[in-house]
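The file model11.txt contains compact mmCIF, C-alpha atoms:
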# COMPACT_ATOMS: atom_id res chain seq x y z
CA MET A 1 0.00 0.00 0.00
CA SER A 2 1.31 3.48 -0.83
CA LYS A 3 1.73 6.12 1.87
CA PRO A 4 -1.20 8.53 2.16
CA ARG A 5 -0.35 11.67 0.22
CA ILE A 6 -0.50 15.02 1.94
CA LYS A 7 -3.71 16.72 0.90
CA THR A 8 -3.61 19.62 -1.58
CA TYR A 9 -5.24 21.87 1.01
CA ASP A 10 -2.41 21.23 3.49
CA ARG A 11 0.26 21.48 0.81
CA ILE A 12 -1.04 24.92 -0.18
CA ILE A 13 -0.78 26.10 3.41
CA LEU A 14 2.68 24.67 4.07
CA GLU A 15 4.23 25.82 0.81
CA SER A 16 2.64 29.27 1.17
CA LEU A 17 4.22 29.56 4.60
CA LYS A 18 7.58 28.70 3.06
CA LEU A 19 7.20 31.23 0.24
CA PHE A 20 5.94 33.98 2.58
CA ASN A 21 8.87 33.43 4.95
CA GLU A 22 11.41 33.50 2.14
CA GLN A 23 10.04 36.36 0.06
CA GLY A 24 7.53 38.23 2.19
CA GLU A 25 3.76 37.76 2.04
CA ARG A 26 3.36 41.01 0.12
CA ASN A 27 5.47 39.75 -2.80
CA ILE A 28 3.68 36.41 -3.21
CA THR A 29 0.41 36.08 -5.15
CA THR A 30 -1.93 33.08 -5.40
CA ASN A 31 -0.50 32.59 -8.92
CA HIS A 32 3.00 32.25 -7.48
CA ILE A 33 1.75 29.70 -5.00
CA ALA A 34 -0.10 27.66 -7.63
CA ALA A 35 2.93 27.70 -9.97
CA HIS A 36 5.22 26.69 -7.12
CA LEU A 37 2.99 23.71 -6.31
CA GLY A 38 2.50 22.78 -9.97
CA ILE A 39 -1.28 23.12 -9.72
CA SER A 40 -3.67 25.34 -11.68
CA PRO A 41 -4.91 28.63 -10.18
CA GLY A 42 -8.39 27.15 -10.48
CA ASN A 43 -7.42 24.23 -8.25
CA LEU A 44 -6.04 26.66 -5.66
CA TYR A 45 -9.24 28.74 -5.75
CA TYR A 46 -11.22 25.56 -5.20
CA HIS A 47 -9.60 25.39 -1.75
CA PHE A 48 -9.12 29.06 -0.87
CA ARG A 49 -11.10 32.10 -1.98
CA ASN A 50 -8.00 34.33 -1.83
CA LYS A 51 -4.54 34.76 -0.33
CA GLU A 52 -5.95 36.35 2.82
CA GLU A 53 -7.69 33.08 3.62
CA ILE A 54 -4.39 31.20 3.36
CA VAL A 55 -2.71 33.77 5.62
CA TYR A 56 -5.56 33.39 8.08
CA GLN A 57 -5.17 29.58 8.18
CA ILE A 58 -1.44 29.99 8.83
CA PHE A 59 -2.27 32.36 11.68
CA LEU A 60 -4.46 29.61 13.21
CA MET A 61 -1.51 27.21 13.03
CA TYR A 62 0.65 29.81 14.76
CA ARG A 63 -1.98 30.35 17.45
CA ASP A 64 -2.26 26.62 18.12
CA PHE A 65 1.52 26.28 18.26
CA ILE A 66 1.71 28.99 20.92
CA THR A 67 -1.17 27.81 23.09
CA GLU A 68 -0.16 24.14 22.94
CA ARG A 69 3.58 24.43 23.28
CA LEU A 70 4.19 27.67 25.15
CA SER A 71 1.64 27.54 27.97
CA VAL A 72 3.10 27.23 31.46
CA PRO A 73 2.91 23.53 32.48
CA GLU A 74 0.61 22.65 35.39
CA THR A 75 3.59 21.81 37.60
CA GLY A 76 5.18 25.19 36.84
CA HIS A 77 8.81 25.84 36.05
CA ARG A 78 11.43 24.14 38.18
CA THR A 79 14.86 24.94 36.80
CA VAL A 80 16.84 27.15 34.48
CA THR A 81 16.53 24.35 31.93
CA ASP A 82 12.81 25.11 31.77
CA LEU A 83 13.62 28.71 30.93
CA VAL A 84 16.01 27.59 28.21
CA ASN A 85 13.45 25.23 26.72
CA TYR A 86 10.78 27.88 26.87
CA LEU A 87 12.91 30.44 25.07
CA ASP A 88 13.98 27.88 22.46
CA THR A 89 10.33 27.11 21.71
CA ALA A 90 9.44 30.80 21.61
CA PHE A 91 12.28 31.38 19.18
CA LEU A 92 11.09 28.47 17.05
CA ALA A 93 7.59 29.97 16.89
CA MET A 94 9.00 33.33 15.84
CA TRP A 95 11.28 31.75 13.26
CA GLN A 96 8.78 29.31 11.71
CA PHE A 97 6.14 32.00 11.30
CA ARG A 98 8.53 34.89 10.73
CA PHE A 99 6.73 36.41 7.74
CA MET A 100 3.96 37.48 10.10
CA PHE A 101 6.44 39.84 11.76
CA TYR A 102 7.92 41.43 8.63
CA ASP A 103 5.21 44.06 8.35
CA LEU A 104 2.46 43.27 10.81
CA PRO A 105 0.58 46.62 10.58
CA GLY A 106 0.43 46.35 6.78
CA MET A 107 -0.65 42.72 6.81
CA LEU A 108 -3.40 43.33 9.38
CA SER A 109 -4.71 46.34 7.44
CA ARG A 110 -5.22 44.13 4.38
CA ASN A 111 -6.96 41.29 6.24
CA THR A 112 -9.92 42.18 8.43
CA GLN A 113 -10.67 38.63 9.62
CA LEU A 114 -7.05 38.21 10.69
CA GLN A 115 -7.08 41.63 12.32
CA SER A 116 -9.87 40.97 14.78
CA GLU A 117 -8.75 37.45 15.73
CA TYR A 118 -5.14 38.53 16.01
CA HIS A 119 -6.01 41.20 18.55
CA GLN A 120 -8.22 38.90 20.51
CA PHE A 121 -5.46 36.29 20.67
CA VAL A 122 -2.75 38.77 21.68
CA ASN A 123 -4.81 40.70 24.22
CA THR A 124 -6.26 37.68 25.97
CA GLU A 125 -4.21 34.50 25.57
CA LEU A 126 -0.73 35.61 24.60
CA LYS A 127 -0.40 38.33 27.24
CA GLY A 128 -1.59 35.89 29.87
CA ILE A 129 0.93 33.25 28.80
CA LEU A 130 3.83 35.72 28.84
CA GLY A 131 2.82 37.06 32.26
CA GLU A 132 2.61 33.57 33.76
CA HIS A 133 6.11 32.65 32.62
CA PHE A 134 7.44 35.91 34.03
CA ARG A 135 5.98 35.28 37.44
CA GLU A 136 7.30 31.70 37.41
CA PHE A 137 10.83 32.92 36.78
CA ILE A 138 10.51 35.46 39.56
CA ARG A 139 9.16 32.82 41.95
CA LEU A 140 12.08 30.61 40.96
CA GLY A 141 14.44 33.37 42.14
CA LEU A 142 15.91 33.74 38.69
CA LEU A 143 14.69 37.29 38.21
CA LYS A 144 14.05 40.04 40.74
CA MET A 145 11.53 42.69 39.70
CA ASP A 146 8.76 44.73 41.26
CA GLU A 147 5.29 45.01 39.71
CA GLU A 148 6.14 48.27 37.92
CA ASP A 149 9.17 46.63 36.30
CA ILE A 150 7.19 43.57 35.24
CA GLU A 151 4.65 45.71 33.45
CA ALA A 152 7.20 47.92 31.67
CA VAL A 153 9.59 45.11 30.74
CA SER A 154 6.76 42.88 29.46
CA VAL A 155 5.64 45.60 27.07
CA ASN A 156 9.20 46.15 25.85
CA ILE A 157 9.78 42.41 25.34
CA TRP A 158 6.57 42.14 23.38
CA LEU A 159 7.50 45.17 21.27
CA VAL A 160 10.98 43.84 20.47
CA VAL A 161 9.62 40.40 19.51
CA LYS A 162 6.85 41.88 17.39
CA PHE A 163 9.01 44.33 15.44
CA TRP A 164 12.43 42.70 15.44
CA PHE A 165 12.34 41.54 11.83
CA ALA A 166 10.79 44.82 10.65
CA PHE A 167 13.53 46.65 12.54
CA GLU A 168 16.23 44.58 10.86
CA GLN A 169 14.62 45.09 7.47
CA THR A 170 14.42 48.87 7.77
CA SER A 171 17.99 48.94 9.13
CA ARG A 172 19.43 46.78 6.34
CA PRO A 173 16.92 47.04 3.52
CA ARG A 174 18.49 44.69 1.01
CA ALA A 175 19.75 42.03 3.41
CA PRO A 176 17.67 38.84 3.59
CA ILE A 177 16.13 37.71 6.88
CA THR A 178 18.36 34.90 8.14
CA GLU A 179 18.31 32.68 11.20
CA ALA A 180 21.18 34.83 12.54
CA SER A 181 18.76 37.74 12.46
CA GLY A 182 16.42 35.71 14.67
CA HIS A 183 19.25 34.98 17.11
CA ARG A 184 20.09 38.69 17.31
CA GLY A 185 16.45 39.26 18.24
CA VAL A 186 16.66 36.70 21.07
CA ARG A 187 19.79 38.42 22.38
CA GLN A 188 17.97 41.77 22.41
CA VAL A 189 15.16 40.21 24.43
CA LEU A 190 17.64 38.63 26.84
CA ALA A 191 19.34 42.04 27.22
CA LEU A 192 16.02 43.41 28.48
CA LEU A 193 16.07 40.82 31.28
CA LYS A 194 19.77 41.00 32.15
CA PRO A 195 19.54 43.79 34.76
CA TYR A 196 17.01 41.69 36.69
CA VAL A 197 18.90 38.38 36.67
CA GLN A 198 19.94 37.38 40.20
CA PRO A 199 23.68 36.87 40.87
CA ASP A 200 23.29 33.09 41.43
CA PHE A 201 21.85 32.76 37.95
CA MET A 202 24.24 35.05 36.08
CA ASP A 203 26.32 32.12 34.80
CA ALA A 204 23.21 30.36 33.52
CA TYR A 205 22.13 33.61 31.88
CA ARG A 206 25.48 33.95 30.12
CA ALA A 207 25.34 30.34 28.94
CA LEU A 208 21.83 30.96 27.61
CA SER A 209 22.90 34.13 25.83
CA ALA A 210 25.86 32.26 24.29
CA ARG A 211 23.42 29.79 22.71
CA HIS A 212 22.32 32.68 20.51
CA ALA A 213 25.76 34.17 19.89
CA GLY A 214 27.32 34.68 16.49
CA GLY A 215 24.26 36.25 14.91
CA MET H 1 2.63 97.18 4.47
CA SER H 2 1.04 93.78 4.80
CA LYS H 3 2.91 90.89 6.37
CA PRO H 4 4.54 88.56 3.85
CA ARG H 5 2.24 85.63 3.28
CA ILE H 6 3.53 82.10 3.80
CA LYS H 7 4.34 80.68 0.39
CA THR H 8 2.11 78.05 -1.17
CA TYR H 9 5.07 75.66 -1.30
CA ASP H 10 5.55 75.90 2.47
CA ARG H 11 1.81 75.77 3.17
CA ILE H 12 1.57 72.50 1.23
CA ILE H 13 4.35 70.98 3.33
CA LEU H 14 3.03 72.16 6.68
CA GLU H 15 -0.60 71.23 6.04
CA SER H 16 0.42 67.86 4.62
CA LEU H 17 2.38 67.16 7.79
CA LYS H 18 -0.74 68.00 9.81
CA LEU H 19 -2.98 65.75 7.69
CA PHE H 20 -0.47 62.87 7.68
CA ASN H 21 -0.11 63.05 11.47
CA GLU H 22 -3.87 63.12 12.00
CA GLN H 23 -4.97 60.54 9.46
CA GLY H 24 -1.87 58.62 8.38
CA GLU H 25 0.13 59.27 5.21
CA ARG H 26 -1.39 56.22 3.53
CA ASN H 27 -4.91 57.64 3.78
CA ILE H 28 -4.11 61.09 2.38
CA THR H 29 -3.87 61.78 -1.36
CA THR H 30 -2.64 64.90 -3.16
CA ASN H 31 -6.31 65.63 -3.87
CA HIS H 32 -7.07 65.66 -0.14
CA ILE H 33 -4.17 68.04 0.42
CA ALA H 34 -5.24 70.40 -2.37
CA ALA H 35 -8.86 70.41 -1.17
CA HIS H 36 -7.77 71.04 2.41
CA LEU H 37 -5.69 74.05 1.28
CA GLY H 38 -8.39 75.34 -1.05
CA ILE H 39 -6.09 75.18 -4.07
CA SER H 40 -6.48 73.27 -7.33
CA PRO H 41 -4.70 69.93 -7.84
CA GLY H 42 -2.92 71.61 -10.75
CA ASN H 43 -1.49 74.26 -8.44
CA LEU H 44 -0.23 71.54 -6.09
CA TYR H 45 1.37 69.65 -8.98
CA TYR H 46 3.09 72.87 -10.03
CA HIS H 47 5.06 72.63 -6.76
CA PHE H 48 5.33 68.86 -6.21
CA ARG H 49 5.38 66.03 -8.75
CA ASN H 50 3.68 63.66 -6.31
CA LYS H 51 2.95 62.91 -2.67
CA GLU H 52 6.27 61.10 -2.22
CA GLU H 53 8.07 64.37 -2.93
CA ILE H 54 6.09 66.09 -0.16
CA VAL H 55 6.90 63.24 2.24
CA TYR H 56 10.54 63.54 1.29
CA GLN H 57 10.60 67.30 2.01
CA ILE H 58 9.02 66.64 5.42
CA PHE H 59 11.74 64.06 6.10
CA LEU H 60 14.36 66.77 5.37
CA MET H 61 12.67 69.03 7.96
CA TYR H 62 12.78 66.17 10.45
CA ARG H 63 16.45 65.52 9.71
CA ASP H 64 17.33 69.19 10.19
CA PHE H 65 15.35 69.32 13.42
CA ILE H 66 17.32 66.36 14.80
CA THR H 67 20.78 67.50 13.74
CA GLU H 68 20.27 71.11 14.82
CA ARG H 69 18.44 70.59 18.07
CA LEU H 70 19.50 67.17 19.31
CA SER H 71 23.26 67.17 18.77
CA VAL H 72 25.37 67.11 21.95
CA PRO H 73 26.47 70.72 22.68
CA GLU H 74 30.20 71.43 22.47
CA THR H 75 30.41 71.90 26.22
CA GLY H 76 28.76 68.54 26.81
CA HIS H 77 26.04 67.82 29.32
CA ARG H 78 26.42 69.15 32.82
CA THR H 79 23.31 68.33 34.82
CA VAL H 80 20.20 66.23 34.98
CA THR H 81 18.39 69.27 33.56
CA ASP H 82 20.29 68.71 30.32
CA LEU H 83 18.95 65.16 30.22
CA VAL H 84 15.42 66.41 30.80
CA ASN H 85 15.74 69.02 28.05
CA TYR H 86 17.23 66.49 25.69
CA LEU H 87 14.43 63.99 26.25
CA ASP H 88 11.80 66.73 25.91
CA THR H 89 13.24 67.73 22.55
CA ALA H 90 13.48 64.10 21.41
CA PHE H 91 9.85 63.62 22.37
CA LEU H 92 8.89 66.77 20.47
CA ALA H 93 10.66 65.47 17.35
CA MET H 94 8.84 62.16 17.61
CA TRP H 95 5.49 63.85 18.22
CA GLN H 96 5.73 66.55 15.53
CA PHE H 97 6.72 64.04 12.87
CA ARG H 98 4.80 61.10 14.25
CA PHE H 99 3.24 59.95 10.96
CA MET H 100 6.71 58.81 9.89
CA PHE H 101 6.60 56.19 12.63
CA TYR H 102 3.10 54.82 11.99
CA ASP H 103 4.24 52.34 9.35
CA LEU H 104 7.86 53.05 8.50
CA PRO H 105 8.57 49.84 6.52
CA GLY H 106 5.53 50.45 4.32
CA MET H 107 6.32 54.12 3.77
CA LEU H 108 9.95 53.43 2.86
CA SER H 109 8.94 50.68 0.43
CA ARG H 110 6.80 53.19 -1.48
CA ASN H 111 9.44 55.93 -1.64
CA THR H 112 12.89 54.99 -2.95
CA GLN H 113 14.44 58.46 -2.59
CA LEU H 114 13.32 58.59 1.04
CA GLN H 115 14.53 55.03 1.62
CA SER H 116 18.17 55.61 0.73
CA GLU H 117 18.49 58.96 2.50
CA TYR H 118 16.65 57.69 5.54
CA HIS H 119 19.11 54.83 5.99
CA GLN H 120 22.10 57.08 5.44
CA PHE H 121 20.79 59.50 8.06
CA VAL H 122 20.00 56.80 10.64
CA ASN H 123 23.16 54.75 10.16
CA THR H 124 25.56 57.67 10.21
CA GLU H 125 24.23 60.77 11.97
CA LEU H 126 21.43 59.57 14.22
CA LYS H 127 23.30 56.60 15.70
CA GLY H 128 26.27 58.87 16.39
CA ILE H 129 24.09 61.44 18.13
CA LEU H 130 22.39 58.84 20.33
CA GLY H 131 25.73 57.24 21.25
CA GLU H 132 27.25 60.61 22.23
CA HIS H 133 24.38 61.43 24.58
CA PHE H 134 24.63 58.01 26.15
CA ARG H 135 28.32 58.39 26.90
CA GLU H 136 27.73 61.89 28.29
CA PHE H 137 25.16 60.57 30.76
CA ILE H 138 27.51 57.80 31.80
CA ARG H 139 30.39 60.28 32.25
CA LEU H 140 28.03 62.42 34.31
CA GLY H 141 27.58 59.46 36.66
CA LEU H 142 23.87 59.33 35.93
CA LEU H 143 23.98 55.90 34.34
CA LYS H 144 26.31 52.98 34.95
CA MET H 145 26.73 50.56 32.05
CA ASP H 146 29.47 48.53 30.44
CA GLU H 147 30.11 48.56 26.68
CA GLU H 148 28.00 45.43 26.11
CA ASP H 149 25.05 47.06 27.87
CA ILE H 150 25.43 50.30 25.91
CA GLU H 151 25.25 48.45 22.62
CA ALA H 152 22.27 46.28 23.56
CA VAL H 153 20.29 49.06 25.27
CA SER H 154 20.92 51.53 22.41
CA VAL H 155 19.43 49.07 19.93
CA ASN H 156 16.41 48.48 22.16
CA ILE H 157 15.85 52.22 22.67
CA TRP H 158 16.02 52.81 18.96
CA LEU H 159 13.61 49.95 18.29
CA VAL H 160 11.07 51.18 20.84
CA VAL H 161 11.20 54.76 19.49
CA LYS H 162 10.90 53.61 15.91
CA PHE H 163 7.99 51.24 16.38
CA TRP H 164 6.14 52.68 19.36
CA PHE H 165 3.26 54.17 17.40
CA ALA H 166 3.01 51.10 15.16
CA PHE H 167 2.94 48.98 18.32
CA GLU H 168 0.14 51.07 19.81
CA GLN H 169 -1.79 50.94 16.54
CA THR H 170 -1.60 47.17 16.21
CA SER H 171 -2.48 46.80 19.91
CA ARG H 172 -5.49 49.13 19.75
CA PRO H 173 -6.43 49.27 16.09
CA ARG H 174 -9.29 51.74 16.22
CA ALA H 175 -7.89 54.10 18.86
CA PRO H 176 -6.43 57.36 17.52
CA ILE H 177 -2.78 58.23 18.15
CA THR H 178 -2.85 60.80 20.95
CA GLU H 179 -0.20 62.74 22.81
CA ALA H 180 -0.80 60.35 25.72
CA SER H 181 0.36 57.58 23.43
CA GLY H 182 3.60 59.51 22.88
CA HIS H 183 4.08 59.89 26.63
CA ARG H 184 3.60 56.14 27.10
CA GLY H 185 6.39 55.67 24.56
CA VAL H 186 8.73 57.94 26.53
CA ARG H 187 7.98 55.97 29.69
CA GLN H 188 8.85 52.72 27.90
CA VAL H 189 12.20 54.23 26.83
CA LEU H 190 12.87 55.46 30.37
CA ALA H 191 12.06 51.96 31.68
CA LEU H 192 14.90 50.64 29.50
CA LEU H 193 17.31 52.94 31.32
CA LYS H 194 15.96 52.51 34.83
CA PRO H 195 18.12 49.51 35.85
CA TYR H 196 21.24 51.53 35.02
CA VAL H 197 20.30 54.74 36.86
CA GLN H 198 22.71 55.38 39.77
CA PRO H 199 21.18 55.64 43.27
CA ASP H 200 22.04 59.36 43.61
CA PHE H 201 19.97 60.08 40.52
CA MET H 202 16.99 57.87 41.25
CA ASP H 203 14.91 60.80 42.53
CA ALA H 204 15.67 62.82 39.41
CA TYR H 205 14.77 59.77 37.31
CA ARG H 206 11.42 59.43 39.09
CA ALA H 207 10.68 63.14 38.62
CA LEU H 208 11.50 62.81 34.94
CA SER H 209 9.29 59.76 34.56
CA ALA H 210 6.46 61.61 36.33
CA ARG H 211 6.60 64.33 33.65
CA HIS H 212 5.29 61.71 31.26
CA ALA H 213 2.76 60.12 33.62
CA GLY H 214 -0.93 59.82 32.96
CA GLY H 215 -0.62 58.52 29.43
In structure tokens, how does this file's structure come out?
Amino acid sequence: MSKPRIKTYDRIILESLKLFNEQGERNITTNHIAAHLGISPGNLYYHFRNKEEIVYQIFLMYRDFITERLSVPETGHRTVTDLVNYLDTAFLAMWQFRFMFYDLPGMLSRNTQLQSEYHQFVNTELKGILGEHFREFIRLGLLKMDEEDIEAVSVNIWLVVKFWFAFEQTSRPRAPITEASGHRGVRQVLALLKPYVQPDFMDAYRALSARHAGG
Amino acid sequence: MSKPRIKTYDRIILESLKLFNEQGERNITTNHIAAHLGISPGNLYYHFRNKEEIVYQIFLMYRDFITERLSVPETGHRTVTDLVNYLDTAFLAMWQFRFMFYDLPGMLSRNTQLQSEYHQFVNTELKGILGEHFREFIRLGLLKMDEEDIEAVSVNIWLVVKFWFAFEQTSRPRAPITEASGHRGVRQVLALLKPYVQPDFMDAYRALSARHAGG
């Protein structure tokens, strides 16, 4: 018996994600996607009314990835290793769905369905998830911050994550987005936390930062 | 004798800046500008080939504002008052030319002349100006940072300034950009510096932060 083939619907989504990441969502049309897959535009339109619908389905994948893999486990964090794993997974999410961060304001303005669900996701779930991790790391004695710091630093972390790739693109307009660019973004986020790292954990912090060196 | 009237050329620039700030550059056409000024589109086109040329002239005003009013004075900084004045002027620059920060990647992609000069300005002059101020405040004993911190924090400050309004707009899509939004941005920048403020200057820091409260 032959292996079940991946369905055209799923192939369209996965290959679109690849093309968007490599060339930017703005520069890719449904015709590009169909040609890349070796299917007719008509076949693509049978599955998706337009590109916005493909983008929206990719957003749902991203949302599921975050809620399933980045929620704080019931037992809470126990060690620095948990922090490392958490940041690795967060980086993976950012990297795998990086096109969403190239020009988020522009993309949202062209996609009303995405816009409303994106805001709902960020303002309810994502903020909650980030806040929970923060408090875990403080409880663990890894970070020392008061409530005012937590609020301000959370906003800055979120801003850096959200606009890192756009920042790199406006700083170096013709340079492609590489994985090294992603690692530089992680280092900028870690730099936001550095002043709050407790002395006992400074070595672990430096080891963690070194994992993203060379970008 | 009657007062000399402001020239049509200058009126177009100043009123365009106002409209762009209030409604976003993307949403304003040359026809809107002409109608707002009570002149014919033909008269506007006599002065400017297109909207991009108006945007470019506004960028030159912004650049002059920064280089003339934000450069470190020859005598250097002397007191915390200098820091306050500097930050007030920086905030004024951001606020008066705020439309440039609403969607910078999109605006640059539509305006090649602006794109190349913008990058030249940021990568040479602006980075130099920011770095000089930083070192002055460290020399003054206001901040304590090592070279690694200076580099990382400078990048984060620049990122927050550059994307603050875009961040607010994607977080609260239908809310207008207000001056309070600008003050929130200043507080986020100050929060980046807070861990490095020396104890003797903590009161001055808190007073400075309070100037931007209530946003």
Please identify all polymer residues within 6 Å of region 133-144 of chain H, counting all atoms listed in the file, omitting same-chain residues fewer than 6 positions from it, and present them as a CSV table (one decimal) with C-alpha atoms, in the frame of the given file.
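Output below, filename part-v3.csv:
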chain,number,residue,atom,x,y,z
H,196,TYR,CA,21.2,51.5,35.0
H,197,VAL,CA,20.3,54.7,36.9
H,198,GLN,CA,22.7,55.4,39.8
Just need the residues of chain A within 8 Å of chain H, counting all atoms listed in the file, so spit them out as a PyMOL selection string.
-> chain A and resi 103-106+119+123+149+152-153+155-156+159-160+163-164+166-167+169-171+188+191-192+195-196
Mind checking which residues fall within 12 Å of Lys18 (chain H), counting only C-alpha atoms, ignoring those fewer than 2 positions away in the same chain, and posting them as a PyMOL selection string?
-> chain H and resi 11-16+20-25+28+33+36-37+55+58+95-100
Please save C-alpha atoms of the selected residues as a PDB file, keeping the file's coordinate frame.
ATOM      1  CA  ARG H  11       1.810  75.770   3.170  1.00  0.00           C
ATOM      2  CA  ILE H  12       1.570  72.500   1.230  1.00  0.00           C
ATOM      3  CA  ILE H  13       4.350  70.980   3.330  1.00  0.00           C
ATOM      4  CA  LEU H  14       3.030  72.160   6.680  1.00  0.00           C
ATOM      5  CA  GLU H  15      -0.600  71.230   6.040  1.00  0.00           C
ATOM      6  CA  SER H  16       0.420  67.860   4.620  1.00  0.00           C
ATOM      7  CA  PHE H  20      -0.470  62.870   7.680  1.00  0.00           C
ATOM      8  CA  ASN H  21      -0.110  63.050  11.470  1.00  0.00           C
ATOM      9  CA  GLU H  22      -3.870  63.120  12.000  1.00  0.00           C
ATOM     10  CA  GLN H  23      -4.970  60.540   9.460  1.00  0.00           C
ATOM     11  CA  GLY H  24      -1.870  58.620   8.380  1.00  0.00           C
ATOM     12  CA  GLU H  25       0.130  59.270   5.210  1.00  0.00           C
ATOM     13  CA  ILE H  28      -4.110  61.090   2.380  1.00  0.00           C
ATOM     14  CA  ILE H  33      -4.170  68.040   0.420  1.00  0.00           C
ATOM     15  CA  HIS H  36      -7.770  71.040   2.410  1.00  0.00           C
ATOM     16  CA  LEU H  37      -5.690  74.050   1.280  1.00  0.00           C
ATOM     17  CA  VAL H  55       6.900  63.240   2.240  1.00  0.00           C
ATOM     18  CA  ILE H  58       9.020  66.640   5.420  1.00  0.00           C
ATOM     19  CA  TRP H  95       5.490  63.850  18.220  1.00  0.00           C
ATOM     20  CA  GLN H  96       5.730  66.550  15.530  1.00  0.00           C
ATOM     21  CA  PHE H  97       6.720  64.040  12.870  1.00  0.00           C
ATOM     22  CA  ARG H  98       4.800  61.100  14.250  1.00  0.00           C
ATOM     23  CA  PHE H  99       3.240  59.950  10.960  1.00  0.00           C
ATOM     24  CA  MET H 100       6.710  58.810   9.890  1.00  0.00           C
TER      25      MET H 100
END
Could you check how far CA of Leu70 (chain A) sits from CA of Ala207 (chain A), in Å to one decimal?
-> 21.7 Å
Find the residue from H:Gly182, H:Gly38, H:Pro73, H:Gly128 that sits nearest to His212 (chain H); use all atoms listed in the file when measuring.
->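 Among the listed residues, H:Gly182 lies closest to His212 (chain H).
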Quote the spacing between CA of Tyr45 (chain A) and CA of Thr29 (chain A) in Å to one decimal place.
->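 Distance between the two atoms: 12.1 Å.
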Could you state the separation of CA of Gly131 (chain A) and CA of Glu179 (chain H) in Å, given to one decimal place?
-> 27.5 Å
One residue among A:Thr75, A:Ile150, A:Asp82, A:Glu52 is nearest to Thr112 (chain A) when using only C-alpha atoms, and that residue is A:Glu52
How would region 178-193 of chain A read, as a short mmCIF file (atom, residue, chain, number, x, y, z; two decimals), keeping the file's coordinate frame, once N, CA and C atoms are built in?
data_model
loop_
_atom_site.label_atom_id
_atom_site.label_comp_id
_atom_site.auth_asym_id
_atom_site.auth_seq_id
_atom_site.Cartn_x
_atom_site.Cartn_y
_atom_site.Cartn_z
N THR A 178 17.72 36.20 7.92
CA THR A 178 18.36 34.90 8.14
C THR A 178 18.08 34.44 9.58
N GLU A 179 18.48 33.19 9.85
CA GLU A 179 18.31 32.68 11.20
C GLU A 179 19.18 33.50 12.17
N ALA A 180 20.32 33.99 11.69
CA ALA A 180 21.18 34.83 12.54
C ALA A 180 20.43 36.07 12.99
N SER A 181 19.58 36.59 12.11
CA SER A 181 18.76 37.74 12.46
C SER A 181 17.82 37.39 13.62
N GLY A 182 17.27 36.19 13.57
CA GLY A 182 16.42 35.71 14.67
C GLY A 182 17.20 35.61 15.97
N HIS A 183 18.43 35.10 15.89
CA HIS A 183 19.25 34.98 17.11
C HIS A 183 19.58 36.35 17.69
N ARG A 184 19.85 37.33 16.80
CA ARG A 184 20.09 38.69 17.31
C ARG A 184 18.87 39.20 18.07
N GLY A 185 17.68 38.86 17.56
CA GLY A 185 16.45 39.26 18.24
C GLY A 185 16.35 38.65 19.63
N VAL A 186 16.70 37.36 19.76
CA VAL A 186 16.66 36.70 21.07
C VAL A 186 17.63 37.40 22.02
N ARG A 187 18.81 37.75 21.52
CA ARG A 187 19.79 38.42 22.38
C ARG A 187 19.28 39.78 22.86
N GLN A 188 18.53 40.48 21.99
CA GLN A 188 17.97 41.77 22.41
C GLN A 188 16.91 41.57 23.50
N VAL A 189 16.15 40.50 23.39
CA VAL A 189 15.16 40.21 24.43
C VAL A 189 15.86 39.84 25.74
N LEU A 190 16.90 39.01 25.63
CA LEU A 190 17.64 38.63 26.84
C LEU A 190 18.28 39.86 27.50
N ALA A 191 18.74 40.81 26.67
CA ALA A 191 19.34 42.04 27.22
C ALA A 191 18.34 42.82 28.06
N LEU A 192 17.06 42.72 27.71
CA LEU A 192 16.02 43.41 28.48
C LEU A 192 15.90 42.81 29.88
N LEU A 193 16.20 41.50 29.99
CA LEU A 193 16.07 40.82 31.28
C LEU A 193 17.33 40.89 32.12
#
